[in-house]
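Novice: start-v3.txt is reproduced below (compact mmCIF, C-alpha atoms).
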# COMPACT_ATOMS: atom_id res chain seq x y z
CA MET C 1 3.75 22.64 -14.68
CA PRO C 2 6.90 24.53 -15.75
CA LYS C 3 10.28 23.15 -14.58
CA GLY C 4 8.58 20.33 -12.68
CA VAL C 5 6.94 22.63 -10.16
CA PRO C 6 3.46 21.48 -8.98
CA GLU C 7 0.59 23.82 -9.79
CA SER C 8 -0.75 23.39 -6.25
CA VAL C 9 0.33 21.72 -3.01
CA PRO C 10 -2.36 19.85 -1.05
CA ASP C 11 -2.86 20.46 2.65
CA ASP C 12 -2.35 16.79 3.50
CA GLY C 13 0.16 17.06 6.32
CA LEU C 14 2.90 15.38 4.28
CA THR C 15 6.36 16.77 3.71
CA THR C 16 7.63 17.42 0.19
CA ARG C 17 9.86 14.33 0.46
CA GLN C 18 6.98 12.13 1.66
CA ARG C 19 4.77 13.33 -1.15
CA ARG C 20 7.54 12.86 -3.68
CA THR C 21 8.13 9.22 -2.77
CA GLN C 22 4.50 8.08 -2.87
CA PRO C 23 3.86 5.18 -5.27
CA ILE C 24 2.57 6.15 -8.70
CA THR C 25 -0.19 4.49 -10.69
CA ALA C 26 0.16 5.49 -14.34
CA VAL C 27 -2.15 4.73 -17.26
CA HIS C 28 -1.19 5.07 -20.91
CA THR C 29 -4.31 4.81 -23.04
CA GLY C 30 -5.89 6.11 -26.25
CA PRO C 31 -5.80 5.08 -29.93
CA GLY C 32 -2.33 6.43 -30.72
CA LYS C 33 0.96 4.55 -30.98
CA GLY C 34 3.44 4.67 -28.11
CA LYS C 35 1.60 3.46 -25.01
CA SER C 36 3.78 0.42 -24.35
CA THR C 37 6.86 2.20 -25.66
CA ALA C 38 6.43 4.92 -23.03
CA ALA C 39 5.86 2.33 -20.29
CA PHE C 40 9.05 0.48 -21.21
CA GLY C 41 10.90 3.79 -21.16
CA MET C 42 9.74 4.19 -17.57
CA ALA C 43 10.90 0.63 -16.88
CA LEU C 44 14.37 1.61 -18.11
CA ARG C 45 14.42 4.46 -15.61
CA ALA C 46 13.33 2.06 -12.86
CA TRP C 47 16.06 -0.42 -13.84
CA ASN C 48 18.61 2.39 -13.73
CA GLN C 49 17.54 3.21 -10.15
CA GLY C 50 18.28 -0.39 -9.18
CA TRP C 51 14.61 -1.26 -8.79
CA SER C 52 13.26 -4.73 -9.50
CA VAL C 53 11.03 -4.66 -12.59
CA GLY C 54 8.16 -7.04 -13.40
CA VAL C 55 6.62 -6.93 -16.88
CA PHE C 56 3.29 -8.69 -17.50
CA GLN C 57 2.11 -8.72 -21.13
CA PHE C 58 -1.57 -9.56 -21.18
CA VAL C 59 -2.38 -9.72 -24.89
CA LYS C 60 0.64 -9.91 -27.20
CA SER C 61 1.42 -13.31 -28.68
CA ALA C 62 4.46 -15.18 -27.43
CA LYS C 63 5.72 -15.04 -31.01
CA TRP C 64 5.77 -11.22 -30.93
CA LYS C 65 9.34 -10.35 -30.00
CA VAL C 66 9.52 -6.71 -28.99
CA GLY C 67 12.92 -5.07 -28.85
CA GLU C 68 12.29 -3.75 -25.35
CA GLU C 69 11.96 -7.31 -24.05
CA ASN C 70 15.39 -8.31 -25.30
CA ALA C 71 16.98 -5.07 -24.11
CA LEU C 72 15.45 -5.19 -20.64
CA ARG C 73 16.27 -8.89 -20.20
CA VAL C 74 19.91 -8.20 -21.06
CA LEU C 75 20.01 -5.20 -18.75
CA GLY C 76 18.33 -7.13 -15.95
CA ALA C 77 20.96 -9.87 -16.19
CA SER C 78 23.86 -7.42 -16.40
CA GLY C 79 24.15 -6.77 -12.68
CA GLU C 80 24.36 -3.05 -13.39
CA GLY C 81 20.85 -1.96 -12.32
CA GLY C 82 17.74 -3.71 -11.09
CA THR C 83 16.49 -7.18 -11.94
CA VAL C 84 13.91 -7.75 -14.69
CA ASP C 85 11.30 -10.51 -14.95
CA TRP C 86 9.22 -10.67 -18.15
CA HIS C 87 5.99 -12.67 -18.27
CA LYS C 88 3.88 -13.16 -21.41
CA MET C 89 0.34 -14.49 -21.37
CA GLY C 90 0.80 -15.81 -24.92
CA SER C 91 3.55 -18.13 -23.77
CA GLY C 92 1.47 -19.49 -20.91
CA TRP C 93 2.76 -17.43 -17.95
CA SER C 94 6.11 -18.58 -16.62
CA TRP C 95 4.90 -19.55 -13.13
CA ILE C 96 2.22 -22.07 -14.23
CA GLN C 97 3.30 -25.70 -14.39
CA ARG C 98 1.15 -27.52 -16.93
CA SER C 99 1.17 -30.56 -19.13
CA SER C 100 0.92 -30.25 -22.91
CA GLU C 101 -2.80 -31.16 -22.67
CA MET C 102 -3.57 -28.32 -20.28
CA GLU C 103 -4.13 -25.03 -22.05
CA LEU C 104 -5.78 -21.97 -20.59
CA ASP C 105 -8.12 -19.97 -22.79
CA SER C 106 -7.43 -16.25 -23.11
CA GLU C 107 -9.89 -15.19 -20.41
CA ALA C 108 -8.64 -17.75 -17.90
CA ALA C 109 -5.04 -16.86 -18.70
CA ALA C 110 -5.72 -13.14 -18.20
CA LYS C 111 -7.38 -13.86 -14.87
CA GLU C 112 -4.45 -16.01 -13.77
CA GLY C 113 -2.06 -13.23 -14.76
CA TRP C 114 -3.99 -10.78 -12.61
CA GLU C 115 -3.98 -13.23 -9.70
CA GLN C 116 -0.19 -13.40 -9.95
CA VAL C 117 0.09 -9.62 -10.06
CA LYS C 118 -2.02 -9.51 -6.89
CA ARG C 119 0.27 -12.03 -5.21
CA ASP C 120 3.34 -10.08 -6.26
CA LEU C 121 1.90 -6.79 -5.03
CA ALA C 122 1.07 -8.34 -1.67
CA ALA C 123 4.60 -9.76 -1.41
CA GLU C 124 6.22 -6.56 -2.74
CA THR C 125 8.04 -8.69 -5.31
CA TYR C 126 8.83 -5.77 -7.60
CA ARG C 127 9.32 -2.05 -7.17
CA PHE C 128 8.07 -1.30 -10.70
CA TYR C 129 5.34 -3.11 -12.66
CA VAL C 130 4.39 -2.83 -16.32
CA LEU C 131 0.93 -4.31 -16.91
CA ASP C 132 1.05 -4.16 -20.69
CA GLU C 133 -2.30 -4.12 -22.50
CA PHE C 134 -4.04 -4.83 -19.20
CA THR C 135 -6.89 -2.47 -20.11
CA TYR C 136 -8.24 -5.00 -22.62
CA PRO C 137 -9.15 -7.76 -20.11
CA MET C 138 -10.99 -5.06 -18.15
CA HIS C 139 -12.68 -3.71 -21.28
CA TRP C 140 -13.79 -7.22 -22.29
CA GLY C 141 -15.33 -7.86 -18.88
CA TRP C 142 -12.85 -10.52 -17.81
CA ILE C 143 -11.43 -8.54 -14.89
CA ASP C 144 -13.38 -6.11 -12.71
CA PRO C 145 -11.89 -2.58 -12.87
CA GLU C 146 -13.23 -1.83 -9.37
CA GLU C 147 -11.26 -4.79 -8.01
CA VAL C 148 -8.15 -3.56 -9.80
CA VAL C 149 -8.56 -0.11 -8.25
CA SER C 150 -9.12 -1.63 -4.81
CA VAL C 151 -6.03 -3.84 -5.03
CA LEU C 152 -3.85 -1.02 -6.33
CA GLY C 153 -5.16 1.33 -3.66
CA ASP C 154 -4.29 -1.15 -0.90
CA ARG C 155 -0.87 -2.21 -2.20
CA PRO C 156 1.86 -1.99 0.43
CA GLY C 157 5.17 -0.20 0.25
CA SER C 158 6.32 1.94 -2.65
CA GLN C 159 5.42 -0.11 -5.69
CA HIS C 160 4.89 1.80 -8.93
CA VAL C 161 2.48 0.45 -11.54
CA VAL C 162 2.00 1.50 -15.16
CA ILE C 163 -0.91 0.08 -17.16
CA THR C 164 -1.19 0.33 -20.93
CA GLY C 165 -3.88 -0.20 -23.57
CA ARG C 166 -6.87 1.39 -25.22
CA TYR C 167 -10.26 1.78 -23.55
CA ALA C 168 -8.99 2.36 -20.02
CA PRO C 169 -12.08 2.23 -17.76
CA GLU C 170 -13.18 5.38 -15.95
CA ALA C 171 -12.70 3.73 -12.57
CA LEU C 172 -9.02 3.23 -13.37
CA THR C 173 -8.35 6.64 -14.91
CA GLY C 174 -10.17 8.31 -12.02
CA PHE C 175 -7.95 6.49 -9.53
CA ALA C 176 -4.61 6.81 -11.32
CA ASP C 177 -2.07 9.52 -10.47
CA LEU C 178 -0.86 9.89 -14.04
CA VAL C 179 -3.04 9.39 -17.13
CA THR C 180 -1.77 10.00 -20.64
CA GLU C 181 -3.95 9.58 -23.70
CA MET C 182 -2.09 8.90 -26.92
CA THR C 183 -3.94 10.42 -29.86
CA LYS C 184 -3.23 9.55 -33.46
CA VAL C 185 -2.60 12.50 -35.76
CA LYS C 186 -0.96 10.50 -38.54
CA HIS C 187 0.32 6.93 -38.98
CA PRO C 188 2.23 5.18 -41.79
CA MET C 189 -0.49 2.52 -41.91
CA ASP C 190 -2.86 5.23 -43.15
CA ALA C 191 -0.75 5.19 -46.32
CA GLY C 192 -0.76 1.38 -46.53
CA ARG C 193 2.65 0.89 -44.94
CA LYS C 194 3.08 -2.04 -42.57
CA GLY C 195 5.15 -2.09 -39.39
CA GLN C 196 8.91 -1.76 -39.64
CA ARG C 197 11.86 -3.25 -37.80
CA GLY C 198 13.22 -0.82 -35.24
CA ILE C 199 9.98 1.15 -35.22
CA GLU C 200 7.29 -1.33 -34.16
CA TRP C 201 9.56 -4.06 -32.78
Would you mind giving the structure from this file in structure tokens?
Specialist:
Amino acid sequence: MPKGVPESVPDDGLTTRQRRTQPITAVHTGPGKGKSTAAFGMALRAWNQGWSVGVFQFVKSAKWKVGEENALRVLGASGEGGTVDWHKMGSGWSWIQRSSEMELDSEAAAKEGWEQVKRDLAAETYRFYVLDEFTYPMHWGWIDPEEVVSVLGDRPGSQHVVITGRYAPEALTGFADLVTEMTKVKHPMDAGRKGQRGIEW
């Protein structure tokens, strides 16, 4: 695909412009580092286009403060580009009103996160979605990959979705428009080095 030129053009009756503006489903998977990092890079591009961005983190603890969260929140509030909403399962999902006694277990919380994503897709709440580490609830059997594919296939408008995490199911990778597998060649942890500021967070 040199210089961004497609290797082939389907005989689908669409114009180049129509084909170019179709919504993208992207999957970043594999054992290597950089899956979420690449997704947040795409979110920056979406923000720059003035698109509304919704980030849903399905696994990371609420205590895990990633640099991209702070940066995108600041950018979203700047009035320069698009808006940014950031939802973390570990902090109890921002839209659920609950008392201190009511706590959702991880499976129930993941399912509720997916239900909200479905509601947002139906309402076209965002133009760009990051479903961070969403492959894990599918891998663990909490969320049906076939349902995910069906919902994404029926989503209205031009909503782009990027999903990250290891073990992406075949149903999802078969459906997606863009699939990238991160492979590990070398990692500092192999030499006993822990994560560093500015590199991992």
Novice: Quick one: everything within 9 Å of Gly32 in chain C, counting all atoms listed in the file, minus sequence neighbours fewer than 5 positions away in the same chain. Send it as a list in words.
Specialist: Arg166, Glu181, Met182, Thr183, Lys184, Val185, Lys186 and His187 of chain C
Novice: With all atoms listed in the file as the atoms that count, which of C:Asp12, C:Gln49, C:Pro188, C:Val161 lies nearest to Gly81 in chain C?
Specialist: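 Counting all atoms listed in the file, the residue closest to Gly81 in chain C is C:Gln49.
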Novice: Which residue out of C:Ala71, C:Leu178, C:Met189, C:Ile199 has the minimum interatomic distance to Val27 in chain C when only C-alpha atoms are used?
Specialist: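 Result for the nearest residue to Val27 in chain C: C:Leu178.
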Novice: Counting only C-alpha atoms, figure out which residue out of C:Arg193, C:Gln57, C:Gly153, C:Thr15 gets nearest to Asp177 in chain C.
Specialist: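 Ranked by minimum distance to Asp177 in chain C, first place goes to C:Gly153.
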Novice: Kindly indicate which residue among C:Phe58, C:Tyr136, C:Trp93, C:Phe40 lies nearest to Asn70 in chain C, using all atoms listed in the file for the distances.
Specialist: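 Between C:Phe58, C:Tyr136, C:Trp93, C:Phe40, the residue approaching Asn70 in chain C most closely is C:Phe40.
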Novice: Pick the closest to Gln159 in chain C from C:Arg17, C:Arg127, C:His87, C:Arg73: which is it, counting only C-alpha atoms?
Specialist: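 The shortest atom-to-atom distance to Gln159 in chain C comes from C:Arg127.
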Novice: Counting all atoms listed in the file, note down every residue that has an atom within 12 Å of the point (15.0, -11.0, -20.7) (file coordinates), as a ChimeraX atom specification.
Specialist: /C:53-55,65-78,83-88
Novice: Enter the distance from CA of Gly50 in chain C to CA of Val130 in chain C, in Å, rounded to one decimal.
Specialist: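 One can read the CA of Gly50 in chain C to CA of Val130 in chain C distance as 15.8 Å.
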Novice: Which residue, C:Ile163, C:Glu200, C:Glu80, C:Trp51, has the smallest gap to Thr125 in chain C when you use all atoms listed in the file?
Specialist: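 Checking each candidate against Thr125 in chain C, we get C:Trp51 as the closest.
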Novice: Rounded to one decimal, what separation in Å do you get between CA of Pro23 in chain C and CA of Thr164 in chain C?
Specialist: 17.2 Å
Novice: Have a look at CA of Gly34 in chain C and CA of Gln22 in chain C and let me know their distance in Å, one decimal.
Specialist: 25.5 Å
